[in-house]
>>> print(open('target.txt').read())   # compact mmCIF, C-alpha atoms
# COMPACT_ATOMS: atom_id res chain seq x y z
CA VAL A 184 0.00 0.00 0.00
CA ASP A 185 1.34 3.37 -1.01
CA PRO A 186 0.88 5.82 1.89
CA THR A 187 0.70 8.79 -0.46
CA GLN A 188 -2.30 7.19 -2.17
CA LEU A 189 -4.03 6.72 1.17
CA LEU A 190 -3.16 10.27 2.12
CA LYS A 191 -4.88 11.66 -0.97
CA GLY A 192 -8.20 10.40 0.23
CA VAL A 193 -7.95 11.72 3.76
CA LEU A 194 -5.91 14.91 3.37
CA ASP A 195 -9.05 17.03 3.57
CA LEU A 196 -9.95 15.40 6.80
CA ALA A 197 -6.43 15.75 8.15
CA VAL A 198 -6.31 19.47 7.35
CA LEU A 199 -9.73 20.05 8.88
CA ALA A 200 -8.61 18.12 11.94
CA VAL A 201 -5.48 20.16 12.57
CA LEU A 202 -7.52 23.36 12.16
CA ARG A 203 -10.14 22.26 14.70
CA ASP A 204 -8.34 23.57 17.76
CA SER A 205 -6.49 26.55 16.35
CA ASP A 206 -6.31 28.52 13.10
CA GLY A 207 -3.15 28.33 11.05
CA TYR A 208 -1.38 29.54 7.96
CA GLY A 209 -0.23 27.28 5.13
CA TYR A 210 3.23 26.35 6.20
CA ASP A 211 2.17 26.12 9.83
CA ILE A 212 -0.51 23.57 8.93
CA LEU A 213 2.06 21.52 7.01
CA ARG A 214 4.32 21.48 10.06
CA ARG A 215 1.48 20.34 12.28
CA LEU A 216 0.59 17.50 9.91
CA ARG A 217 4.17 16.35 9.81
CA ALA A 218 4.45 16.63 13.55
CA ALA A 219 1.36 14.42 13.80
CA GLY A 220 3.15 11.73 11.81
CA LEU A 221 2.12 12.41 8.22
CA ASP A 222 5.70 12.72 7.03
CA ASP A 223 4.94 12.26 3.36
CA VAL A 224 2.62 15.20 3.00
CA GLY A 225 3.93 17.91 0.70
CA ASP A 226 3.52 21.65 0.76
CA ALA A 227 1.72 21.75 -2.56
CA SER A 228 -0.78 19.17 -1.34
CA VAL A 229 -1.59 21.21 1.73
CA TYR A 230 -1.74 24.45 -0.19
CA GLY A 231 -3.98 22.89 -2.85
CA THR A 232 -6.20 21.32 -0.21
CA LEU A 233 -6.55 24.64 1.60
CA ARG A 234 -7.55 26.32 -1.68
CA ARG A 235 -10.12 23.64 -2.35
CA LEU A 236 -11.60 23.66 1.15
CA PHE A 237 -11.76 27.44 1.03
CA ASN A 238 -13.54 27.36 -2.32
CA ALA A 239 -15.94 24.75 -0.98
CA GLY A 240 -16.86 27.18 1.79
CA HIS A 241 -15.45 25.19 4.71
CA LEU A 242 -12.82 27.75 5.66
CA THR A 243 -12.52 31.46 6.28
CA THR A 244 -9.30 33.39 5.99
CA TYR A 245 -7.78 36.42 7.58
CA VAL A 246 -4.44 38.08 7.24
CA VAL A 247 -2.13 38.62 10.20
CA PRO A 248 0.68 41.15 9.79
CA SER A 249 4.06 39.94 10.85
CA ASP A 250 6.89 41.98 12.30
CA SER A 251 9.55 39.78 10.83
CA GLY A 252 8.59 38.80 7.33
CA PRO A 253 5.52 38.76 5.11
CA HIS A 254 1.90 38.88 6.17
CA ARG A 255 0.44 35.52 6.96
CA LYS A 256 -2.84 34.22 5.67
CA TYR A 257 -4.58 32.29 8.38
CA TYR A 258 -7.25 29.70 7.73
CA ALA A 259 -10.04 28.97 10.18
CA LEU A 260 -12.88 26.47 10.25
CA ASN A 261 -16.35 27.92 9.91
CA ALA A 262 -19.62 26.20 10.73
CA THR A 263 -19.78 24.17 7.53
CA GLY A 264 -16.15 23.25 7.99
CA ARG A 265 -16.87 21.89 11.42
CA GLU A 266 -19.88 19.98 10.11
CA GLU A 267 -17.72 18.61 7.30
CA LEU A 268 -15.11 17.53 9.83
CA ARG A 269 -17.75 15.74 11.89
CA THR A 270 -19.33 13.82 9.01
CA SER A 271 -16.03 13.05 7.32
CA GLY A 272 -14.63 11.89 10.64
CA LYS A 273 -17.54 9.50 11.02
CA VAL A 274 -16.97 8.13 7.55
CA TRP A 275 -13.31 7.66 8.32
CA HIS A 276 -13.96 5.89 11.63
CA GLY A 277 -16.43 3.59 9.96
CA PHE A 278 -14.01 2.82 7.17
CA ALA A 279 -11.04 2.38 9.48
CA SER A 280 -12.88 0.05 11.85
CA THR A 281 -14.15 -1.99 8.91
CA MET A 282 -10.62 -2.37 7.64
CA ASP A 283 -9.36 -3.18 11.13
CA ALA A 284 -12.01 -5.84 11.57
CA LEU A 285 -11.25 -7.28 8.17
CA LEU A 286 -7.57 -7.53 8.86
CA ARG A 287 -8.14 -8.96 12.35
CA GLU A 288 -10.45 -11.71 11.01
CA ARG A 289 -7.86 -12.79 8.50
CA GLY A 290 -5.22 -12.78 11.22
CA THR A 291 -2.97 -10.37 9.45
CA THR A 292 -2.74 -7.85 12.23
CA ALA A 293 0.80 -7.05 12.98
CA VAL B 22 18.69 36.09 -5.85
CA ASN B 23 16.38 38.00 -3.58
CA ALA B 24 13.27 36.41 -2.16
CA THR B 25 10.79 38.23 -4.38
CA ASP B 26 12.56 37.20 -7.56
CA GLU B 27 12.93 33.66 -6.38
CA ILE B 28 9.23 33.44 -5.55
CA ALA B 29 8.20 35.06 -8.83
CA GLY B 30 10.36 32.65 -10.80
CA TYR B 31 9.01 29.66 -8.94
CA VAL B 32 5.40 30.78 -9.38
CA ASP B 33 5.96 31.39 -13.09
CA ALA B 34 7.39 27.93 -13.50
CA VAL B 35 4.45 26.38 -11.66
CA ARG B 36 2.02 28.33 -13.82
CA ALA B 37 3.83 27.18 -16.95
CA ALA B 38 3.52 23.57 -15.79
CA LEU B 39 -0.23 24.10 -15.38
CA ALA B 40 -0.60 25.77 -18.77
CA ASP B 41 -2.97 23.07 -20.02
CA LEU B 42 -5.62 23.99 -17.44
CA PRO B 43 -8.33 26.53 -18.21
CA ASP B 44 -7.24 30.03 -17.24
CA GLY B 45 -9.80 30.33 -14.47
CA VAL B 46 -8.77 27.09 -12.78
CA ARG B 47 -5.09 27.93 -13.05
CA ALA B 48 -5.62 31.39 -11.61
CA GLU B 49 -7.57 29.93 -8.73
CA LEU B 50 -4.74 27.54 -7.94
CA THR B 51 -1.90 30.01 -8.18
CA ASP B 52 -3.38 33.43 -7.34
CA ASP B 53 -2.00 33.62 -3.81
CA LEU B 54 0.74 31.07 -4.33
CA ALA B 55 3.30 33.87 -4.13
CA GLU B 56 2.11 34.87 -0.66
CA HIS B 57 2.11 31.27 0.47
CA LEU B 58 5.64 30.75 -0.82
CA GLY B 59 6.63 33.91 1.01
CA GLU B 60 5.43 32.35 4.26
CA VAL B 61 7.32 29.17 3.47
CA LEU B 62 10.53 31.08 2.80
CA ALA B 63 10.16 33.13 5.97
CA ASP B 64 9.67 30.03 8.10
CA GLY B 65 12.89 28.24 7.39
CA ASP B 66 16.19 28.09 5.64
CA GLY B 67 17.06 27.07 2.15
CA THR B 68 15.80 27.88 -1.30
CA LEU B 69 12.30 27.03 -2.45
CA GLU B 70 13.62 24.30 -4.71
CA ASP B 71 15.56 22.74 -1.85
CA ARG B 72 12.54 22.64 0.40
CA LEU B 73 9.64 22.09 -2.03
CA GLY B 74 11.22 20.33 -4.95
CA THR B 75 11.08 21.47 -8.54
CA PRO B 76 8.26 23.75 -9.63
CA GLN B 77 7.11 20.98 -11.98
CA ALA B 78 6.80 18.49 -9.13
CA TYR B 79 5.06 21.12 -7.04
CA ALA B 80 2.63 21.79 -9.88
CA ALA B 81 1.87 18.09 -10.25
CA GLU B 82 1.20 17.75 -6.53
CA LEU B 83 -0.94 20.86 -6.53
CA ARG B 84 -2.93 19.56 -9.43
CA ALA B 85 -3.60 16.30 -7.64
CA ALA B 86 -4.45 17.95 -4.33
CA ALA B 87 -6.82 20.43 -5.89
CA GLY B 88 -8.68 17.60 -7.56
CA VAL B 89 -8.19 19.13 -10.95
CA VAL B 90 -8.26 16.67 -13.77
CA GLY B 91 -5.68 17.64 -16.27
CA GLY B 92 -2.52 16.71 -17.97
CA PHE B 93 -4.31 15.22 -20.90
CA PRO B 94 -3.09 16.21 -24.31
CA ASP B 95 -5.09 18.98 -25.85
CA PRO B 96 -7.82 17.92 -28.22
CA PRO B 97 -6.55 18.32 -31.75
CA ALA B 98 -7.16 21.82 -32.94
CA PRO B 99 -9.42 22.00 -35.97
CA ASP B 100 -6.98 22.09 -38.86
CA ARG B 101 -7.34 23.71 -42.24
CA TRP B 102 -8.96 20.67 -43.82
CA ALA B 103 -11.51 20.39 -41.06
CA ARG B 104 -12.37 24.06 -41.49
CA LEU B 105 -12.63 23.65 -45.25
CA ARG B 106 -14.84 20.62 -44.81
CA GLN B 107 -17.00 22.56 -42.41
CA THR B 108 -17.32 25.44 -44.88
CA VAL B 109 -18.23 23.11 -47.72
CA ARG B 110 -20.76 21.34 -45.56
CA THR B 111 -22.38 24.62 -44.51
CA ASN B 112 -22.59 25.85 -48.09
CA LEU B 113 -23.98 22.53 -49.28
CA ALA B 114 -26.64 22.64 -46.60
CA ALA B 115 -27.61 26.16 -47.67
CA ALA B 116 -27.76 25.14 -51.33
CA ASP B 117 -29.74 22.06 -50.36
CA VAL B 118 -32.45 24.18 -48.79
CA ARG B 119 -32.39 26.79 -51.56
CA VAL B 120 -32.59 24.39 -54.51
CA GLY B 121 -35.20 22.14 -52.91
CA PRO B 122 -38.23 24.40 -53.52
CA LEU B 123 -37.30 24.75 -57.21
CA LEU B 124 -37.81 21.01 -57.50
CA GLY B 125 -40.94 21.10 -55.38
CA TYR B 126 -39.34 19.55 -52.30
CA PRO B 127 -38.27 21.00 -48.98
CA THR B 128 -34.65 20.17 -49.75
CA ALA B 129 -32.80 19.00 -52.81
CA GLY B 130 -31.52 16.09 -50.76
CA GLU B 131 -35.05 14.80 -50.29
CA PHE B 132 -35.57 14.80 -54.04
CA LEU B 133 -32.25 13.11 -54.66
CA ARG B 134 -33.08 10.44 -52.11
CA LEU B 135 -36.06 9.49 -54.29
CA LEU B 136 -33.63 8.88 -57.14
CA ARG B 137 -31.60 6.42 -55.10
CA PRO B 138 -33.11 3.25 -56.63
CA ALA B 139 -32.36 4.68 -60.07
CA TRP B 140 -28.75 5.08 -59.02
CA TRP B 141 -28.71 1.50 -57.77
CA VAL B 142 -29.83 0.26 -61.20
CA LEU B 143 -27.30 2.47 -62.99
CA ARG B 144 -24.61 1.30 -60.58
CA GLY B 145 -25.46 -2.30 -61.38
CA TYR B 146 -25.17 -1.60 -65.10
CA LEU B 147 -21.83 0.15 -64.67
CA ALA B 148 -20.51 -2.65 -62.48
CA ALA B 149 -21.57 -5.14 -65.15
CA MET B 150 -19.75 -3.12 -67.82
CA VAL B 151 -16.60 -3.04 -65.71
CA LEU B 152 -16.86 -6.76 -65.00
CA ALA B 153 -17.34 -7.49 -68.68
CA ALA B 154 -14.36 -5.34 -69.59
CA VAL B 155 -12.24 -7.22 -67.08
CA LEU B 156 -13.44 -10.71 -67.96
CA ASP B 157 -13.75 -10.32 -71.71
CA ASP B 158 -10.60 -11.26 -73.55
CA SER B 159 -12.15 -11.83 -76.96
CA GLY B 160 -10.90 -8.50 -78.20
CA GLN B 161 -14.24 -7.69 -79.79
CA PRO B 162 -15.84 -4.37 -79.08
CA THR B 163 -18.38 -4.84 -76.29
CA GLY B 164 -20.80 -2.13 -77.32
CA LEU B 165 -23.26 -0.83 -74.77
CA LEU B 166 -24.06 -4.21 -73.26
CA PRO B 167 -21.72 -6.08 -70.92
CA ARG B 168 -20.92 -8.73 -73.52
CA ILE B 169 -18.38 -11.37 -72.73
CA GLY B 170 -17.00 -13.00 -75.80
CA GLY B 171 -19.60 -11.14 -77.83
CA SER B 172 -22.45 -13.10 -76.27
CA GLU B 173 -25.72 -11.26 -75.70
CA ALA B 174 -27.11 -13.97 -73.44
CA VAL B 175 -24.15 -13.64 -71.11
CA ALA B 176 -24.55 -9.88 -71.24
CA VAL B 177 -28.18 -10.00 -70.17
CA LEU B 178 -27.46 -12.49 -67.40
CA LEU B 179 -24.54 -10.47 -66.10
CA LEU B 180 -26.56 -7.28 -66.28
CA ALA B 181 -29.46 -8.79 -64.33
CA ALA B 182 -27.14 -10.21 -61.68
CA CYS B 183 -25.28 -6.95 -61.22
CA ILE B 184 -28.45 -4.86 -61.00
CA LEU B 185 -29.96 -7.24 -58.47
CA GLY B 186 -26.75 -7.18 -56.47
CA SER B 187 -26.57 -3.41 -56.56
CA VAL B 188 -30.17 -3.02 -55.43
CA TRP B 189 -29.59 -5.54 -52.65
CA LEU B 190 -26.52 -3.61 -51.58
CA GLY B 191 -28.43 -0.34 -51.70
CA ARG B 192 -31.23 -1.61 -49.50
CA ARG B 193 -28.82 -2.73 -46.79
CA PRO B 194 -27.73 -0.22 -44.17
CA PRO B 195 -24.42 1.36 -45.19
CA PRO B 196 -21.37 -0.37 -43.69
CA ARG B 197 -20.10 1.10 -40.46
CA ALA B 198 -16.58 -0.29 -40.33
CA PRO B 199 -14.15 2.08 -42.01
CA LEU B 200 -12.64 -0.45 -44.40
CA PRO B 201 -15.85 -1.57 -46.15
CA ARG B 202 -17.08 2.00 -46.12
CA TYR B 203 -14.01 3.36 -47.87
CA ALA B 204 -14.02 0.41 -50.26
CA LEU B 205 -17.60 1.23 -51.22
CA HIS B 206 -16.75 4.91 -51.73
CA ALA B 207 -13.70 4.05 -53.81
CA ALA B 208 -15.71 1.64 -55.97
CA THR B 209 -18.36 4.32 -56.49
CA VAL B 210 -15.72 6.78 -57.64
CA VAL B 211 -14.32 4.20 -60.08
CA LEU B 212 -17.79 3.49 -61.46
CA ILE B 213 -18.51 7.19 -61.92
CA LEU B 214 -15.24 7.63 -63.79
CA VAL B 215 -16.10 4.63 -65.95
CA ALA B 216 -19.55 6.10 -66.57
CA VAL B 217 -18.14 9.47 -67.64
CA GLY B 218 -15.55 7.84 -69.86
CA GLY B 219 -18.06 5.45 -71.40
CA PHE B 220 -20.55 8.21 -72.03
CA ALA B 221 -17.96 10.40 -73.73
CA ASN B 222 -16.92 7.44 -75.86
CA ALA B 223 -20.45 6.53 -76.89
CA ASP B 224 -21.26 10.16 -77.57
CA SER B 225 -18.32 10.73 -79.88
CA SER B 226 -18.83 7.47 -81.75
CA SER B 227 -22.52 8.18 -82.29
CA ARG B 228 -21.68 11.65 -83.62
CA GLY B 229 -18.91 10.49 -85.87
CA SER B 230 -20.46 7.36 -87.40
CA ALA B 231 -22.48 9.10 -90.15
CA TYR B 232 -19.35 10.45 -91.77
CA GLU B 233 -16.92 7.81 -90.81
CA ASP B 234 -16.82 5.95 -94.12
CA VAL B 235 -16.66 8.97 -96.34
CA ARG B 236 -13.36 9.43 -98.03
CA TYR B 237 -12.72 13.03 -98.69
CA ASP B 238 -9.30 12.22 -99.95
CA ASN B 239 -10.53 10.13 -102.83
CA PRO B 240 -7.84 9.11 -105.25
CA TYR B 241 -9.59 10.78 -108.18
CA GLY B 242 -9.77 14.15 -106.54
CA GLY B 243 -7.40 15.69 -109.07
CA ILE B 244 -9.48 14.63 -112.07
CA GLN B 245 -11.89 17.23 -113.25
CA ASP B 246 -13.49 16.44 -116.55
CA VAL B 247 -15.13 13.11 -116.30
CA PHE B 248 -18.05 12.12 -118.41
CA VAL B 249 -20.48 9.53 -117.36
CA TYR B 250 -21.98 7.32 -120.03
CA ASP B 251 -24.67 4.74 -119.75
CA ALA B 252 -24.48 1.18 -120.96
CA GLN B 253 -25.49 2.26 -124.47
CA GLY B 254 -22.72 4.74 -124.63
CA ARG B 255 -24.93 7.77 -124.12
CA LEU B 256 -23.64 10.56 -122.01
CA LEU B 257 -25.45 10.71 -118.74
CA THR B 258 -26.56 14.21 -118.13
CA GLY B 259 -29.04 13.59 -115.39
CA CYS B 260 -26.59 12.73 -112.72
CA GLY B 261 -25.94 16.01 -111.04
CA CYS B 262 -22.86 14.94 -109.31
CA SER B 263 -21.40 18.15 -110.55
CA THR B 264 -22.68 21.48 -111.62
CA ARG B 265 -21.42 20.75 -115.05
CA THR B 266 -24.04 21.87 -117.52
CA VAL B 267 -25.02 20.09 -120.63
CA ARG B 268 -27.16 21.32 -123.51
CA ARG B 269 -30.40 19.64 -123.82
CA SER B 270 -29.66 18.50 -127.34
CA GLY B 271 -26.81 16.73 -125.64
CA SER B 272 -24.58 14.31 -127.36
CA ALA B 273 -20.99 13.43 -126.83
CA THR B 274 -19.90 16.65 -128.50
CA ALA B 275 -22.26 18.75 -126.52
CA GLY B 276 -20.98 17.13 -123.40
CA ALA B 277 -17.44 17.78 -124.43
CA ARG B 278 -18.13 21.40 -125.08
CA ALA B 279 -19.88 21.83 -121.85
CA ALA B 280 -17.00 20.27 -120.16
CA GLY B 281 -14.88 22.96 -121.58
CA SER B 282 -15.44 24.87 -118.46
CA ARG B 283 -12.60 23.14 -116.80
CA ARG B 284 -13.14 24.31 -113.37
CA ALA B 285 -16.56 22.86 -113.07
CA GLY B 286 -15.20 20.01 -111.01
CA TRP B 287 -17.48 18.15 -108.71
CA THR B 288 -18.49 20.98 -106.57
CA PRO B 289 -22.20 21.42 -106.38
CA GLY B 290 -23.79 24.64 -105.38
CA PRO B 291 -26.74 26.65 -106.46
CA THR B 292 -24.73 29.85 -106.68
CA ARG B 293 -22.31 28.49 -109.17
CA ALA B 294 -25.09 26.83 -111.15
CA ALA B 295 -27.06 30.03 -111.13
CA ARG B 296 -24.08 32.01 -112.31
CA ARG B 297 -23.53 29.68 -115.21
CA THR B 298 -27.19 29.78 -116.10
CA ARG B 299 -26.88 33.50 -116.47
CA ARG B 300 -23.77 33.20 -118.58
CA THR B 301 -24.74 30.51 -121.03
CA GLY B 302 -28.44 31.15 -121.14
CA SER B 303 -28.99 27.46 -121.73
CA ARG B 304 -31.21 25.19 -119.83
CA LYS B 305 -29.43 23.42 -117.08
CA ARG B 306 -30.28 20.11 -115.64
CA ARG B 307 -29.16 18.89 -112.35
CA HIS B 308 -29.94 15.83 -110.38
CA PRO B 309 -32.36 17.09 -107.80
CA ARG B 310 -31.14 14.97 -104.97
CA CYS B 311 -27.48 14.86 -105.53
CA HIS B 312 -25.35 15.48 -102.51
CA PRO B 313 -21.64 16.17 -102.30
CA LEU B 314 -21.23 12.79 -100.69
CA CYS B 315 -23.46 10.97 -103.18
CA ARG B 316 -22.16 7.44 -103.05
CA LEU B 317 -23.65 6.54 -106.42
CA CYS B 318 -21.74 9.29 -108.13
CA LEU B 319 -18.52 8.24 -106.51
CA LEU B 320 -19.15 4.68 -107.56
CA LEU B 321 -19.97 5.66 -111.12
CA ARG B 322 -16.97 7.87 -111.28
CA GLY B 323 -14.72 5.06 -110.22
CA TYR B 324 -16.40 2.61 -112.55
CA HIS B 325 -16.09 4.74 -115.65
CA LEU B 326 -12.56 5.70 -114.96
CA ARG B 327 -11.67 2.09 -114.89
CA PHE B 328 -13.79 1.09 -117.88
CA PRO B 329 -13.99 3.99 -120.29
CA PRO B 330 -17.13 3.87 -122.39
CA LEU B 331 -16.93 2.90 -126.03
CA ARG B 332 -16.99 5.82 -128.44
>>> encode(input="target.txt", output="structure tokens")
Amino acid sequence: VDPTQLLKGVLDLAVLAVLRDSDGYGYDILRRLRAAGLDDVGDASVYGTLRRLFNAGHLTTYVVPSDSGPHRKYYALNATGREELRTSGKVWHGFASTMDALLRERGTTA
Amino acid sequence: VNATDEIAGYVDAVRAALADLPDGVRAELTDDLAEHLGEVLADGDGTLEDRLGTPQAYAAELRAAAGVVGGFPDPPAPDRWARLRQTVRTNLAAADVRVGPLLGYPTAGEFLRLLRPAWWVLRGYLAAMVLAAVLDDSGQPTGLLPRIGGSEAVAVLLLAACILGSVWLGRRPPPRAPLPRYALHAATVVLILVAVGGFANADSSSRGSAYEDVRYDNPYGGIQDVFVYDAQGRLLTGCGCSTRTVRRSGSATAGARAAGSRRAGWTPGPTRAARRTRRTGSRKRRHPRCHPLCRLCLLLRGYHLRFPPLR
């Protein structure tokens, strides 16, 4: 199984998840994802995902001036974003537990 | 390289790698890419390429993440031939609608479709002619029927078979596979060429046949004074194969004198006859139905040259 392929399907969910507790700007979100263990995620993927989620109306943005360096564009979950996170999270849990059960039955759990 | 230039170069390269996307989609993906890359640069060390990879790789990842389908080759642009074909088709359609009412139909095509069975029959005939030309090795002229070895029975059989086959072919739906379709078109073109060639041939031979046997360069063309005598040795004056005039009291001498006009020749013509009438004042006689190509005269001329009459 190629982790990057798996990541494609759940990157939206991952980005929404790391934005649940605190807003963040693009590179900050990438760092959080990597810190959480998603080492393979790339900057372009996160940036593209943020653009898509913003266009889908799940995110709001605001700009924070910075003393040392450029302004930063922060992304924040709005109501639909939170709803999306909830439903998508359910789907993921259902899928993950199905896969877990499947692998356990066949005795292939590590 | 300062940061702004580096970012601008990177963004330009990413945009170039996304050039196949519609402008709107590409703009949406890359509009604030420069600001984002500015944040990335400010948050760490190293060039953009070191940290993010090549712009091309970045563009590919961006494309995938944004869920944009792309990277397919562009659909072939309509070339000159396609445009020409389109123009011809449009003009034909316009002509179709314009000519139709003249024929009493909504479109000319509708009228022509009624003629389809006629074309099937003609196609069968042409195919039979081609088949006969291919199969016939007798060397005889085939004429207008598909004779093989000069046989009419074979011709009729072949004609019937080909017409039936052509009608059967016409009533079937046209072939869909490209090979049979092109074969049919090619065969149609060949048949039309054969038809045009055959028609031109038949036309010229039917025009030329009436005069074909006439010899204008007859071997006696240089001979002018020839007298025609009957079996009893009398000078024939009735045969107007020339405008030569003979006195009514004609005898051999009269004929000879009349023939004194050396240039009388064999040329008929009312003007010349009329002129001579005025000059001599004598009564002229001329065969009423004699024609410049009068075969009888030519025959008689030849006969009497070979067997001069007894004096």
>>> residues_around(input="target.txt", residues="A:Ala262", least_positions_apart="6", cutoff="12 Å", atoms="all atoms listed in the file", output="CSV table (one decimal) with C-alpha atoms, keeping the file's coordinate frame")
chain,number,residue,atom,x,y,z
A,199,LEU,CA,-9.7,20.0,8.9
A,203,ARG,CA,-10.1,22.3,14.7
A,240,GLY,CA,-16.9,27.2,1.8
A,241,HIS,CA,-15.4,25.2,4.7
A,242,LEU,CA,-12.8,27.8,5.7
A,243,THR,CA,-12.5,31.5,6.3
A,268,LEU,CA,-15.1,17.5,9.8
A,269,ARG,CA,-17.8,15.7,11.9
>>> closest_residue(input="target.txt", among="B:Gly74, B:Leu50, B:Leu83, B:Ala181", to="A:Val229", atoms="only C-alpha atoms")
B:Leu83
>>> closest_residue(input="target.txt", among="A:Leu213, A:Ala239, A:Leu221, A:Leu286", to="A:Val193", atoms="all atoms listed in the file")
A:Leu221
>>> residues_around(input="target.txt", residues="A:Gln188", least_positions_apart="2", cutoff="12 Å", atoms="only C-alpha atoms", output="number ranges by chain")
A: 184-186, 190-194, 223-224; B: 82, 85-86
>>> interface_residues(input="target.txt", of="chain A", to="chain B", cutoff="12 Å", atoms="all atoms listed in the file", output="PyMOL selection string")
chain A and resi 187-188+190-195+198+207-214+223-239+246-258
>>> write_last_selection(input="target.txt", atoms="C-alpha atoms", output="PDB file, in the frame of the given file")
ATOM      1  CA  THR A 187       0.700   8.790  -0.460  1.00  0.00           C
ATOM      2  CA  GLN A 188      -2.300   7.190  -2.170  1.00  0.00           C
ATOM      3  CA  LEU A 190      -3.160  10.270   2.120  1.00  0.00           C
ATOM      4  CA  LYS A 191      -4.880  11.660  -0.970  1.00  0.00           C
ATOM      5  CA  GLY A 192      -8.200  10.400   0.230  1.00  0.00           C
ATOM      6  CA  VAL A 193      -7.950  11.720   3.760  1.00  0.00           C
ATOM      7  CA  LEU A 194      -5.910  14.910   3.370  1.00  0.00           C
ATOM      8  CA  ASP A 195      -9.050  17.030   3.570  1.00  0.00           C
ATOM      9  CA  VAL A 198      -6.310  19.470   7.350  1.00  0.00           C
ATOM     10  CA  GLY A 207      -3.150  28.330  11.050  1.00  0.00           C
ATOM     11  CA  TYR A 208      -1.380  29.540   7.960  1.00  0.00           C
ATOM     12  CA  GLY A 209      -0.230  27.280   5.130  1.00  0.00           C
ATOM     13  CA  TYR A 210       3.230  26.350   6.200  1.00  0.00           C
ATOM     14  CA  ASP A 211       2.170  26.120   9.830  1.00  0.00           C
ATOM     15  CA  ILE A 212      -0.510  23.570   8.930  1.00  0.00           C
ATOM     16  CA  LEU A 213       2.060  21.520   7.010  1.00  0.00           C
ATOM     17  CA  ARG A 214       4.320  21.480  10.060  1.00  0.00           C
ATOM     18  CA  ASP A 223       4.940  12.260   3.360  1.00  0.00           C
ATOM     19  CA  VAL A 224       2.620  15.200   3.000  1.00  0.00           C
ATOM     20  CA  GLY A 225       3.930  17.910   0.700  1.00  0.00           C
ATOM     21  CA  ASP A 226       3.520  21.650   0.760  1.00  0.00           C
ATOM     22  CA  ALA A 227       1.720  21.750  -2.560  1.00  0.00           C
ATOM     23  CA  SER A 228      -0.780  19.170  -1.340  1.00  0.00           C
ATOM     24  CA  VAL A 229      -1.590  21.210   1.730  1.00  0.00           C
ATOM     25  CA  TYR A 230      -1.740  24.450  -0.190  1.00  0.00           C
ATOM     26  CA  GLY A 231      -3.980  22.890  -2.850  1.00  0.00           C
ATOM     27  CA  THR A 232      -6.200  21.320  -0.210  1.00  0.00           C
ATOM     28  CA  LEU A 233      -6.550  24.640   1.600  1.00  0.00           C
ATOM     29  CA  ARG A 234      -7.550  26.320  -1.680  1.00  0.00           C
ATOM     30  CA  ARG A 235     -10.120  23.640  -2.350  1.00  0.00           C
ATOM     31  CA  LEU A 236     -11.600  23.660   1.150  1.00  0.00           C
ATOM     32  CA  PHE A 237     -11.760  27.440   1.030  1.00  0.00           C
ATOM     33  CA  ASN A 238     -13.540  27.360  -2.320  1.00  0.00           C
ATOM     34  CA  ALA A 239     -15.940  24.750  -0.980  1.00  0.00           C
ATOM     35  CA  VAL A 246      -4.440  38.080   7.240  1.00  0.00           C
ATOM     36  CA  VAL A 247      -2.130  38.620  10.200  1.00  0.00           C
ATOM     37  CA  PRO A 248       0.680  41.150   9.790  1.00  0.00           C
ATOM     38  CA  SER A 249       4.060  39.940  10.850  1.00  0.00           C
ATOM     39  CA  ASP A 250       6.890  41.980  12.300  1.00  0.00           C
ATOM     40  CA  SER A 251       9.550  39.780  10.830  1.00  0.00           C
ATOM     41  CA  GLY A 252       8.590  38.800   7.330  1.00  0.00           C
ATOM     42  CA  PRO A 253       5.520  38.760   5.110  1.00  0.00           C
ATOM     43  CA  HIS A 254       1.900  38.880   6.170  1.00  0.00           C
ATOM     44  CA  ARG A 255       0.440  35.520   6.960  1.00  0.00           C
ATOM     45  CA  LYS A 256      -2.840  34.220   5.670  1.00  0.00           C
ATOM     46  CA  TYR A 257      -4.580  32.290   8.380  1.00  0.00           C
ATOM     47  CA  TYR A 258      -7.250  29.700   7.730  1.00  0.00           C
TER      48      TYR A 258
END
>>> atom_distance(input="target.txt", atom1="atom CA of B:Trp141", atom2="atom CA of B:Ala176")
18.1 Å
>>> atom_distance(input="target.txt", atom1="atom CA of B:Glu173", atom2="atom CA of B:Ala216")
20.6 Å
>>> atom_distance(input="target.txt", atom1="atom CA of B:Arg202", atom2="atom CA of B:Ser187")
15.1 Å
>>> residues_around(input="target.txt", residues="A:Ser205", least_positions_apart="4", cutoff="9 Å", atoms="all atoms listed in the file", output="short mmCIF file (atom, residue, chain, number, x, y, z; two decimals) with C-alpha atoms, keeping the file's coordinate frame")
data_model
loop_
_atom_site.label_atom_id
_atom_site.label_comp_id
_atom_site.auth_asym_id
_atom_site.auth_seq_id
_atom_site.Cartn_x
_atom_site.Cartn_y
_atom_site.Cartn_z
CA VAL A 201 -5.48 20.16 12.57
CA ALA A 259 -10.04 28.97 10.18
CA LEU A 260 -12.88 26.47 10.25
#
>>> closest_residue(input="target.txt", among="B:Gly170, B:Asn222, B:Gln107, B:Pro199", to="B:Asp158", atoms="all atoms listed in the file")
B:Gly170
